[in-house]
Amino acid sequence: SDRERTAVVFACFVDSEKLITLGEPEIESKTALCETQSRTQTGREYFNEMVGRCWLRPEKVTALNEALPKVNISSQSVRDHWNLLKSLLGKPSDFVSLEAGGSGYWNPRIEIYRAFLHIILNGSLFKTPEAIPELPRDIRYLWISHQLQPSKYESDCKLWFGSILEHRNKFSPFCEKTFLQWWEQHTNRNYPKFPHEWKDKLPQPSVIWNIGIDSAFNLYEEVIESGTCFERDNFVCDEIIVDYRRYLLTCKASEGLPPPGALVDLVWHTHMTSPIQFSSDMQQMGYYVDHNPCKKDNP
């Protein structure tokens, strides 16, 4: 909500290494600004507006930036993830939202994804993820969806493989022949079939599937609406990454997760779909920011 956004997002001070938020009277006096702002306004614009109105003095801005969590995300990695989403969703798609009743479409594909995980486990391919070929759209999309619940993805991987299964967060052309040969080599079946005796042995992800599946759908549409100048402008992309770092710091001070906005959410998705780096960065931060879709509440 606008009130939550005013109270929490980017309205933080750093004082003697302690994070505090604006007091309640100050929050009340500043809600009018949010009421006039576009819901697609970037965090940087909102932050600069606050600085321009002297709500944050320059020395406080410097102190806040120095206190931001460190994350290993580059502008190129954000573009890589965006290009991957475009390859999966940017053309006429037969994907159906689970929330809209698409379980008949997704359930058999989820079983194929679980068979893919079984192949990774049986072949010990989690040790050499570079040996995994480019995947068909359905499997790749579900793999991404699984990672969008990062704490569950990490615990699932450690239960099955003993470590986190890495994901190459970059689009590469799909070679159907290579994949079909790989699938047949590991299953002795033509894709998408697999041995019947596997059914009771398939890994069972602990995720709530619509959180990942529908979240990626919603994000793609929201980013298109917000604008994609980050595709061409390194400065803009770098600034969105800074906004994401501010968001992570905000999450530490807030109760629950405030809506991040579409472009910050894109960086968050980029981070989560580099799961080993995400886990490492969360450990370095000293607190864990799990993912929960905002849907229509995402300003």
# chains A, B, ... in the order shown; residues from 1 in each chain; ligands from 1
call {"tool": "residues_around", "arguments": {"residues": "Ile112 (chain A)", "least_positions_apart": "5", "cutoff": "12 Å", "atoms": "only C-alpha atoms", "output": "PyMOL selection string"}}
result
chain A and resi 106-107+117-119+135-143+183+187+191-195+198-199+202-204
call {"tool": "residues_around", "arguments": {"residues": "region 228-240 of chain A", "least_positions_apart": "2", "cutoff": "8 Å", "atoms": "only C-alpha atoms", "output": "list in words"}}
result
Thr42, Gly43, Arg44, Ser74, Ser75, Val78, Arg79, Val223, Ile224, Ser226, Val242, Asp243, Tyr244, Leu263, Val264 and Val267 of chain A
call {"tool": "write_last_selection", "arguments": {"atoms": "N, CA and C atoms", "output": "PDB file, in the first residue's frame"}}
result
ATOM      1  N   THR A  42      10.292   4.422 -10.145  1.00  0.00           N
ATOM      2  CA  THR A  42      11.399   3.615  -9.638  1.00  0.00           C
ATOM      3  C   THR A  42      11.786   4.056  -8.234  1.00  0.00           C
ATOM      4  N   GLY A  43      12.408   3.145  -7.506  1.00  0.00           N
ATOM      5  CA  GLY A  43      12.881   3.477  -6.173  1.00  0.00           C
ATOM      6  C   GLY A  43      13.845   4.648  -6.186  1.00  0.00           C
ATOM      7  N   ARG A  44      14.682   4.742  -7.231  1.00  0.00           N
ATOM      8  CA  ARG A  44      15.641   5.847  -7.319  1.00  0.00           C
ATOM      9  C   ARG A  44      14.905   7.184  -7.400  1.00  0.00           C
ATOM     10  N   SER A  74      25.477  -8.093 -11.567  1.00  0.00           N
ATOM     11  CA  SER A  74      25.938  -7.103 -12.544  1.00  0.00           C
ATOM     12  C   SER A  74      24.780  -6.697 -13.455  1.00  0.00           C
ATOM     13  N   SER A  75      24.982  -5.576 -14.137  1.00  0.00           N
ATOM     14  CA  SER A  75      23.981  -5.158 -15.125  1.00  0.00           C
ATOM     15  C   SER A  75      23.777  -6.231 -16.185  1.00  0.00           C
ATOM     16  N   VAL A  78      21.465  -9.008 -15.014  1.00  0.00           N
ATOM     17  CA  VAL A  78      20.048  -8.602 -15.062  1.00  0.00           C
ATOM     18  C   VAL A  78      19.533  -8.719 -16.486  1.00  0.00           C
ATOM     19  N   ARG A  79      20.318  -8.246 -17.455  1.00  0.00           N
ATOM     20  CA  ARG A  79      19.901  -8.364 -18.857  1.00  0.00           C
ATOM     21  C   ARG A  79      19.802  -9.829 -19.283  1.00  0.00           C
ATOM     22  N   VAL A 223       7.187  -5.503 -15.828  1.00  0.00           N
ATOM     23  CA  VAL A 223       8.400  -4.870 -16.343  1.00  0.00           C
ATOM     24  C   VAL A 223       8.117  -4.216 -17.695  1.00  0.00           C
ATOM     25  N   ILE A 224       7.357  -4.885 -18.547  1.00  0.00           N
ATOM     26  CA  ILE A 224       6.975  -4.292 -19.829  1.00  0.00           C
ATOM     27  C   ILE A 224       6.249  -2.972 -19.609  1.00  0.00           C
ATOM     28  N   SER A 226       6.488  -1.023 -16.952  1.00  0.00           N
ATOM     29  CA  SER A 226       7.341  -0.043 -16.278  1.00  0.00           C
ATOM     30  C   SER A 226       8.382   0.565 -17.215  1.00  0.00           C
ATOM     31  N   VAL A 242      21.248  -0.849  -7.200  1.00  0.00           N
ATOM     32  CA  VAL A 242      21.379  -0.128  -5.934  1.00  0.00           C
ATOM     33  C   VAL A 242      20.041  -0.080  -5.208  1.00  0.00           C
ATOM     34  N   ASP A 243      18.963   0.160  -5.964  1.00  0.00           N
ATOM     35  CA  ASP A 243      17.633   0.154  -5.358  1.00  0.00           C
ATOM     36  C   ASP A 243      17.325  -1.199  -4.717  1.00  0.00           C
ATOM     37  N   TYR A 244      17.736  -2.268  -5.374  1.00  0.00           N
ATOM     38  CA  TYR A 244      17.524  -3.611  -4.812  1.00  0.00           C
ATOM     39  C   TYR A 244      18.291  -3.769  -3.509  1.00  0.00           C
ATOM     40  N   LEU A 263      10.858  -3.268 -11.307  1.00  0.00           N
ATOM     41  CA  LEU A 263      12.253  -3.337 -11.740  1.00  0.00           C
ATOM     42  C   LEU A 263      13.158  -3.869 -10.631  1.00  0.00           C
ATOM     43  N   VAL A 264      12.897  -3.489  -9.401  1.00  0.00           N
ATOM     44  CA  VAL A 264      13.646  -4.074  -8.290  1.00  0.00           C
ATOM     45  C   VAL A 264      13.337  -5.571  -8.198  1.00  0.00           C
ATOM     46  N   VAL A 267      15.504  -7.537 -10.521  1.00  0.00           N
ATOM     47  CA  VAL A 267      16.841  -7.795  -9.980  1.00  0.00           C
ATOM     48  C   VAL A 267      16.776  -8.906  -8.937  1.00  0.00           C
TER      49      VAL A 267
END
call {"tool": "atom_distance", "arguments": {"atom1": "CA of His196 (chain A)", "atom2": "CA of Tyr113 (chain A)"}}
result
15.0 Å
call {"tool": "residues_around", "arguments": {"residues": "Gln149 (chain A)", "least_positions_apart": "4", "cutoff": "8 Å", "atoms": "only C-alpha atoms", "output": "VMD selection string"}}
result
chain A and resid 145 153 207 211 to 212 290 to 292
call {"tool": "atom_distance", "arguments": {"atom1": "CA of His269 (chain A)", "atom2": "CA of Lys127 (chain A)"}}
result
23.9 Å
call {"tool": "closest_residue", "arguments": {"among": "A:Gln181, A:Gln277, A:Ser155, A:Thr250", "to": "Glu134 (chain A)", "atoms": "only C-alpha atoms"}}
result
A:Gln181
call {"tool": "closest_residue", "arguments": {"among": "A:Val289, A:Lys170, A:Ser254, A:Ser215", "to": "Asp80 (chain A)", "atoms": "only C-alpha atoms"}}
result
A:Lys170
call {"tool": "atom_distance", "arguments": {"atom1": "CA of Asn169 (chain A)", "atom2": "CA of Thr270 (chain A)"}}
result
7.5 Å
call {"tool": "closest_residue", "arguments": {"among": "A:Leu180, A:Leu89, A:Ile164, A:Val96", "to": "Pro133 (chain A)", "atoms": "only C-alpha atoms"}}
result
A:Leu180
call {"tool": "closest_residue", "arguments": {"among": "A:Leu266, A:Leu249, A:Leu165, A:Met272", "to": "Ser124 (chain A)", "atoms": "only C-alpha atoms"}}
result
A:Leu165
call {"tool": "select_by_dssp", "arguments": {"residues": "region 154-200 of chain A", "states": "alpha helix (DSSP H)", "output": "PDB file with all heavy atoms, in the first residue's frame"}}
result
ATOM      1  N   GLU A 154      16.797 -24.282  -1.982  1.00  0.00           N
ATOM      2  CA  GLU A 154      18.056 -24.641  -1.338  1.00  0.00           C
ATOM      3  C   GLU A 154      17.900 -25.895  -0.481  1.00  0.00           C
ATOM      4  O   GLU A 154      18.737 -26.809  -0.546  1.00  0.00           O
ATOM      5  CB  GLU A 154      18.564 -23.479  -0.490  1.00  0.00           C
ATOM      6  CG  GLU A 154      19.879 -23.776   0.205  1.00  0.00           C
ATOM      7  CD  GLU A 154      20.482 -22.558   0.901  1.00  0.00           C
ATOM      8  OE1 GLU A 154      20.041 -21.421   0.619  1.00  0.00           O
ATOM      9  OE2 GLU A 154      21.400 -22.762   1.722  1.00  0.00           O
ATOM     10  N   SER A 155      16.837 -25.948   0.323  1.00  0.00           N
ATOM     11  CA  SER A 155      16.650 -27.124   1.188  1.00  0.00           C
ATOM     12  C   SER A 155      16.363 -28.374   0.365  1.00  0.00           C
ATOM     13  O   SER A 155      16.847 -29.471   0.689  1.00  0.00           O
ATOM     14  CB  SER A 155      15.526 -26.866   2.192  1.00  0.00           C
ATOM     15  OG  SER A 155      14.286 -26.658   1.549  1.00  0.00           O
ATOM     16  N   ASP A 156      15.596 -28.236  -0.731  1.00  0.00           N
ATOM     17  CA  ASP A 156      15.330 -29.384  -1.608  1.00  0.00           C
ATOM     18  C   ASP A 156      16.640 -29.914  -2.203  1.00  0.00           C
ATOM     19  O   ASP A 156      16.904 -31.122  -2.192  1.00  0.00           O
ATOM     20  CB  ASP A 156      14.376 -28.988  -2.742  1.00  0.00           C
ATOM     21  CG  ASP A 156      12.933 -28.821  -2.286  1.00  0.00           C
ATOM     22  OD1 ASP A 156      12.599 -29.281  -1.178  1.00  0.00           O
ATOM     23  OD2 ASP A 156      12.145 -28.221  -3.050  1.00  0.00           O
ATOM     24  N   CYS A 157      17.443 -29.003  -2.742  1.00  0.00           N
ATOM     25  CA  CYS A 157      18.703 -29.417  -3.375  1.00  0.00           C
ATOM     26  C   CYS A 157      19.630 -30.099  -2.378  1.00  0.00           C
ATOM     27  O   CYS A 157      20.253 -31.127  -2.693  1.00  0.00           O
ATOM     28  CB  CYS A 157      19.403 -28.213  -4.000  1.00  0.00           C
ATOM     29  SG  CYS A 157      18.642 -27.606  -5.528  1.00  0.00           S
ATOM     30  N   LYS A 158      19.729 -29.550  -1.187  1.00  0.00           N
ATOM     31  CA  LYS A 158      20.627 -30.139  -0.195  1.00  0.00           C
ATOM     32  C   LYS A 158      20.118 -31.503   0.264  1.00  0.00           C
ATOM     33  O   LYS A 158      20.912 -32.398   0.581  1.00  0.00           O
ATOM     34  CB  LYS A 158      20.796 -29.189   0.983  1.00  0.00           C
ATOM     35  CG  LYS A 158      21.636 -27.965   0.613  1.00  0.00           C
ATOM     36  CD  LYS A 158      21.855 -27.038   1.794  1.00  0.00           C
ATOM     37  CE  LYS A 158      22.772 -25.892   1.405  1.00  0.00           C
ATOM     38  NZ  LYS A 158      22.996 -24.942   2.535  1.00  0.00           N
ATOM     39  N   LEU A 159      18.788 -31.675   0.286  1.00  0.00           N
ATOM     40  CA  LEU A 159      18.218 -32.976   0.637  1.00  0.00           C
ATOM     41  C   LEU A 159      18.523 -34.014  -0.439  1.00  0.00           C
ATOM     42  O   LEU A 159      18.903 -35.151  -0.131  1.00  0.00           O
ATOM     43  CB  LEU A 159      16.702 -32.844   0.819  1.00  0.00           C
ATOM     44  CG  LEU A 159      15.920 -34.146   1.064  1.00  0.00           C
ATOM     45  CD1 LEU A 159      16.334 -34.780   2.387  1.00  0.00           C
ATOM     46  CD2 LEU A 159      14.417 -33.882   1.039  1.00  0.00           C
ATOM     47  N   TRP A 160      18.377 -33.629  -1.711  1.00  0.00           N
ATOM     48  CA  TRP A 160      18.556 -34.581  -2.812  1.00  0.00           C
ATOM     49  C   TRP A 160      20.027 -34.747  -3.200  1.00  0.00           C
ATOM     50  O   TRP A 160      20.485 -35.864  -3.427  1.00  0.00           O
ATOM     51  CB  TRP A 160      17.782 -34.107  -4.046  1.00  0.00           C
ATOM     52  CG  TRP A 160      16.325 -33.904  -3.840  1.00  0.00           C
ATOM     53  CD1 TRP A 160      15.493 -34.583  -2.989  1.00  0.00           C
ATOM     54  CD2 TRP A 160      15.505 -32.923  -4.486  1.00  0.00           C
ATOM     55  NE1 TRP A 160      14.219 -34.095  -3.066  1.00  0.00           N
ATOM     56  CE2 TRP A 160      14.186 -33.073  -3.989  1.00  0.00           C
ATOM     57  CE3 TRP A 160      15.734 -31.935  -5.439  1.00  0.00           C
ATOM     58  CZ2 TRP A 160      13.120 -32.278  -4.410  1.00  0.00           C
ATOM     59  CZ3 TRP A 160      14.684 -31.147  -5.866  1.00  0.00           C
ATOM     60  CH2 TRP A 160      13.392 -31.321  -5.356  1.00  0.00           C
ATOM     61  N   GLU A 176      17.209 -28.973 -30.092  1.00  0.00           N
ATOM     62  CA  GLU A 176      16.311 -30.083 -29.809  1.00  0.00           C
ATOM     63  C   GLU A 176      17.014 -31.435 -29.941  1.00  0.00           C
ATOM     64  O   GLU A 176      16.860 -32.314 -29.088  1.00  0.00           O
ATOM     65  CB  GLU A 176      15.099 -30.033 -30.748  1.00  0.00           C
ATOM     66  CG  GLU A 176      14.071 -31.119 -30.464  1.00  0.00           C
ATOM     67  CD  GLU A 176      12.863 -31.001 -31.373  1.00  0.00           C
ATOM     68  OE1 GLU A 176      12.998 -30.408 -32.474  1.00  0.00           O
ATOM     69  OE2 GLU A 176      11.794 -31.494 -30.996  1.00  0.00           O
ATOM     70  N   LYS A 177      17.825 -31.587 -30.969  1.00  0.00           N
ATOM     71  CA  LYS A 177      18.502 -32.863 -31.201  1.00  0.00           C
ATOM     72  C   LYS A 177      19.409 -33.234 -30.033  1.00  0.00           C
ATOM     73  O   LYS A 177      19.399 -34.380 -29.550  1.00  0.00           O
ATOM     74  CB  LYS A 177      19.313 -32.795 -32.498  1.00  0.00           C
ATOM     75  CG  LYS A 177      20.030 -34.098 -32.834  1.00  0.00           C
ATOM     76  CD  LYS A 177      20.795 -33.975 -34.147  1.00  0.00           C
ATOM     77  CE  LYS A 177      21.540 -35.267 -34.469  1.00  0.00           C
ATOM     78  NZ  LYS A 177      22.311 -35.151 -35.746  1.00  0.00           N
ATOM     79  N   THR A 178      20.188 -32.268 -29.550  1.00  0.00           N
ATOM     80  CA  THR A 178      21.103 -32.528 -28.436  1.00  0.00           C
ATOM     81  C   THR A 178      20.335 -32.943 -27.189  1.00  0.00           C
ATOM     82  O   THR A 178      20.701 -33.899 -26.494  1.00  0.00           O
ATOM     83  CB  THR A 178      21.953 -31.286 -28.143  1.00  0.00           C
ATOM     84  OG1 THR A 178      22.730 -30.963 -29.300  1.00  0.00           O
ATOM     85  CG2 THR A 178      22.878 -31.518 -26.956  1.00  0.00           C
ATOM     86  N   PHE A 179      19.263 -32.217 -26.894  1.00  0.00           N
ATOM     87  CA  PHE A 179      18.491 -32.542 -25.697  1.00  0.00           C
ATOM     88  C   PHE A 179      17.823 -33.912 -25.816  1.00  0.00           C
ATOM     89  O   PHE A 179      17.841 -34.696 -24.851  1.00  0.00           O
ATOM     90  CB  PHE A 179      17.432 -31.476 -25.413  1.00  0.00           C
ATOM     91  CG  PHE A 179      16.521 -31.861 -24.282  1.00  0.00           C
ATOM     92  CD1 PHE A 179      16.938 -31.748 -22.968  1.00  0.00           C
ATOM     93  CD2 PHE A 179      15.266 -32.399 -24.539  1.00  0.00           C
ATOM     94  CE1 PHE A 179      16.115 -32.144 -21.919  1.00  0.00           C
ATOM     95  CE2 PHE A 179      14.437 -32.792 -23.502  1.00  0.00           C
ATOM     96  CZ  PHE A 179      14.865 -32.659 -22.185  1.00  0.00           C
ATOM     97  N   LEU A 180      17.232 -34.201 -26.953  1.00  0.00           N
ATOM     98  CA  LEU A 180      16.540 -35.486 -27.116  1.00  0.00           C
ATOM     99  C   LEU A 180      17.505 -36.651 -26.952  1.00  0.00           C
ATOM    100  O   LEU A 180      17.165 -37.686 -26.360  1.00  0.00           O
ATOM    101  CB  LEU A 180      15.855 -35.543 -28.475  1.00  0.00           C
ATOM    102  CG  LEU A 180      14.674 -34.572 -28.673  1.00  0.00           C
ATOM    103  CD1 LEU A 180      14.094 -34.721 -30.072  1.00  0.00           C
ATOM    104  CD2 LEU A 180      13.589 -34.781 -27.629  1.00  0.00           C
ATOM    105  N   GLN A 181      18.712 -36.484 -27.481  1.00  0.00           N
ATOM    106  CA  GLN A 181      19.726 -37.530 -27.305  1.00  0.00           C
ATOM    107  C   GLN A 181      20.105 -37.673 -25.840  1.00  0.00           C
ATOM    108  O   GLN A 181      20.262 -38.795 -25.333  1.00  0.00           O
ATOM    109  CB  GLN A 181      20.964 -37.204 -28.150  1.00  0.00           C
ATOM    110  CG  GLN A 181      20.746 -37.348 -29.641  1.00  0.00           C
ATOM    111  CD  GLN A 181      21.952 -36.875 -30.447  1.00  0.00           C
ATOM    112  OE1 GLN A 181      22.836 -36.181 -29.934  1.00  0.00           O
ATOM    113  NE2 GLN A 181      22.000 -37.257 -31.721  1.00  0.00           N
ATOM    114  N   TRP A 182      20.245 -36.564 -25.141  1.00  0.00           N
ATOM    115  CA  TRP A 182      20.579 -36.581 -23.712  1.00  0.00           C
ATOM    116  C   TRP A 182      19.480 -37.268 -22.912  1.00  0.00           C
ATOM    117  O   TRP A 182      19.758 -38.092 -22.042  1.00  0.00           O
ATOM    118  CB  TRP A 182      20.785 -35.143 -23.242  1.00  0.00           C
ATOM    119  CG  TRP A 182      21.140 -34.975 -21.800  1.00  0.00           C
ATOM    120  CD1 TRP A 182      22.387 -35.048 -21.251  1.00  0.00           C
ATOM    121  CD2 TRP A 182      20.245 -34.668 -20.724  1.00  0.00           C
ATOM    122  NE1 TRP A 182      22.326 -34.812 -19.895  1.00  0.00           N
ATOM    123  CE2 TRP A 182      21.016 -34.574 -19.548  1.00  0.00           C
ATOM    124  CE3 TRP A 182      18.867 -34.464 -20.641  1.00  0.00           C
ATOM    125  CZ2 TRP A 182      20.473 -34.281 -18.300  1.00  0.00           C
ATOM    126  CZ3 TRP A 182      18.313 -34.179 -19.410  1.00  0.00           C
ATOM    127  CH2 TRP A 182      19.104 -34.096 -18.253  1.00  0.00           C
ATOM    128  N   TRP A 183      18.229 -36.926 -23.198  1.00  0.00           N
ATOM    129  CA  TRP A 183      17.100 -37.524 -22.479  1.00  0.00           C
ATOM    130  C   TRP A 183      17.048 -39.037 -22.717  1.00  0.00           C
ATOM    131  O   TRP A 183      16.889 -39.825 -21.780  1.00  0.00           O
ATOM    132  CB  TRP A 183      15.795 -36.866 -22.918  1.00  0.00           C
ATOM    133  CG  TRP A 183      14.587 -37.329 -22.151  1.00  0.00           C
ATOM    134  CD1 TRP A 183      13.793 -38.417 -22.437  1.00  0.00           C
ATOM    135  CD2 TRP A 183      14.041 -36.744 -20.966  1.00  0.00           C
ATOM    136  NE1 TRP A 183      12.782 -38.540 -21.518  1.00  0.00           N
ATOM    137  CE2 TRP A 183      12.918 -37.521 -20.593  1.00  0.00           C
ATOM    138  CE3 TRP A 183      14.385 -35.638 -20.183  1.00  0.00           C
ATOM    139  CZ2 TRP A 183      12.134 -37.209 -19.472  1.00  0.00           C
ATOM    140  CZ3 TRP A 183      13.602 -35.330 -19.078  1.00  0.00           C
ATOM    141  CH2 TRP A 183      12.502 -36.122 -18.730  1.00  0.00           C
ATOM    142  N   GLU A 184      17.187 -39.438 -23.958  1.00  0.00           N
ATOM    143  CA  GLU A 184      17.129 -40.872 -24.277  1.00  0.00           C
ATOM    144  C   GLU A 184      18.297 -41.617 -23.626  1.00  0.00           C
ATOM    145  O   GLU A 184      18.135 -42.756 -23.152  1.00  0.00           O
ATOM    146  CB  GLU A 184      17.161 -41.067 -25.793  1.00  0.00           C
ATOM    147  CG  GLU A 184      17.007 -42.522 -26.225  1.00  0.00           C
ATOM    148  CD  GLU A 184      16.948 -42.690 -27.725  1.00  0.00           C
ATOM    149  OE1 GLU A 184      17.031 -41.668 -28.446  1.00  0.00           O
ATOM    150  OE2 GLU A 184      16.829 -43.838 -28.190  1.00  0.00           O
ATOM    151  N   GLN A 185      19.468 -40.993 -23.591  1.00  0.00           N
ATOM    152  CA  GLN A 185      20.634 -41.623 -22.969  1.00  0.00           C
ATOM    153  C   GLN A 185      20.379 -41.950 -21.498  1.00  0.00           C
ATOM    154  O   GLN A 185      20.807 -42.991 -20.996  1.00  0.00           O
ATOM    155  CB  GLN A 185      21.840 -40.694 -23.097  1.00  0.00           C
ATOM    156  CG  GLN A 185      23.088 -41.168 -22.348  1.00  0.00           C
ATOM    157  CD  GLN A 185      24.169 -40.101 -22.330  1.00  0.00           C
ATOM    158  OE1 GLN A 185      24.097 -39.095 -23.035  1.00  0.00           O
ATOM    159  NE2 GLN A 185      25.188 -40.320 -21.509  1.00  0.00           N
ATOM    160  N   HIS A 186      19.652 -41.074 -20.809  1.00  0.00           N
ATOM    161  CA  HIS A 186      19.457 -41.237 -19.363  1.00  0.00           C
ATOM    162  C   HIS A 186      18.167 -41.962 -18.994  1.00  0.00           C
ATOM    163  O   HIS A 186      18.025 -42.402 -17.843  1.00  0.00           O
ATOM    164  CB  HIS A 186      19.494 -39.873 -18.676  1.00  0.00           C
ATOM    165  CG  HIS A 186      20.849 -39.238 -18.664  1.00  0.00           C
ATOM    166  ND1 HIS A 186      21.831 -39.600 -17.766  1.00  0.00           N
ATOM    167  CD2 HIS A 186      21.400 -38.277 -19.460  1.00  0.00           C
ATOM    168  CE1 HIS A 186      22.916 -38.888 -17.993  1.00  0.00           C
ATOM    169  NE2 HIS A 186      22.683 -38.069 -19.010  1.00  0.00           N
ATOM    170  N   THR A 187      17.229 -42.074 -19.925  1.00  0.00           N
ATOM    171  CA  THR A 187      15.939 -42.703 -19.595  1.00  0.00           C
ATOM    172  C   THR A 187      15.651 -43.946 -20.425  1.00  0.00           C
ATOM    173  O   THR A 187      14.746 -44.713 -20.081  1.00  0.00           O
ATOM    174  CB  THR A 187      14.785 -41.712 -19.823  1.00  0.00           C
ATOM    175  OG1 THR A 187      14.696 -41.406 -21.232  1.00  0.00           O
ATOM    176  CG2 THR A 187      14.970 -40.437 -19.016  1.00  0.00           C
TER     177      THR A 187
END
call {"tool": "closest_residue", "arguments": {"among": "A:Asp214, A:Leu85, A:Phe278, A:Gln284", "to": "Glu166 (chain A)", "atoms": "only C-alpha atoms"}}
result
A:Phe278
call {"tool": "closest_residue", "arguments": {"among": "A:Trp82, A:Tyr288, A:Phe161, A:Phe217", "to": "Ala100 (chain A)", "atoms": "only C-alpha atoms"}}
result
A:Phe217
call {"tool": "residues_around", "arguments": {"residues": "region 102-104 of chain A", "least_positions_apart": "6", "cutoff": "10 Å", "atoms": "only C-alpha atoms", "output": "number ranges by chain"}}
result
A: 95-96, 110, 209-210
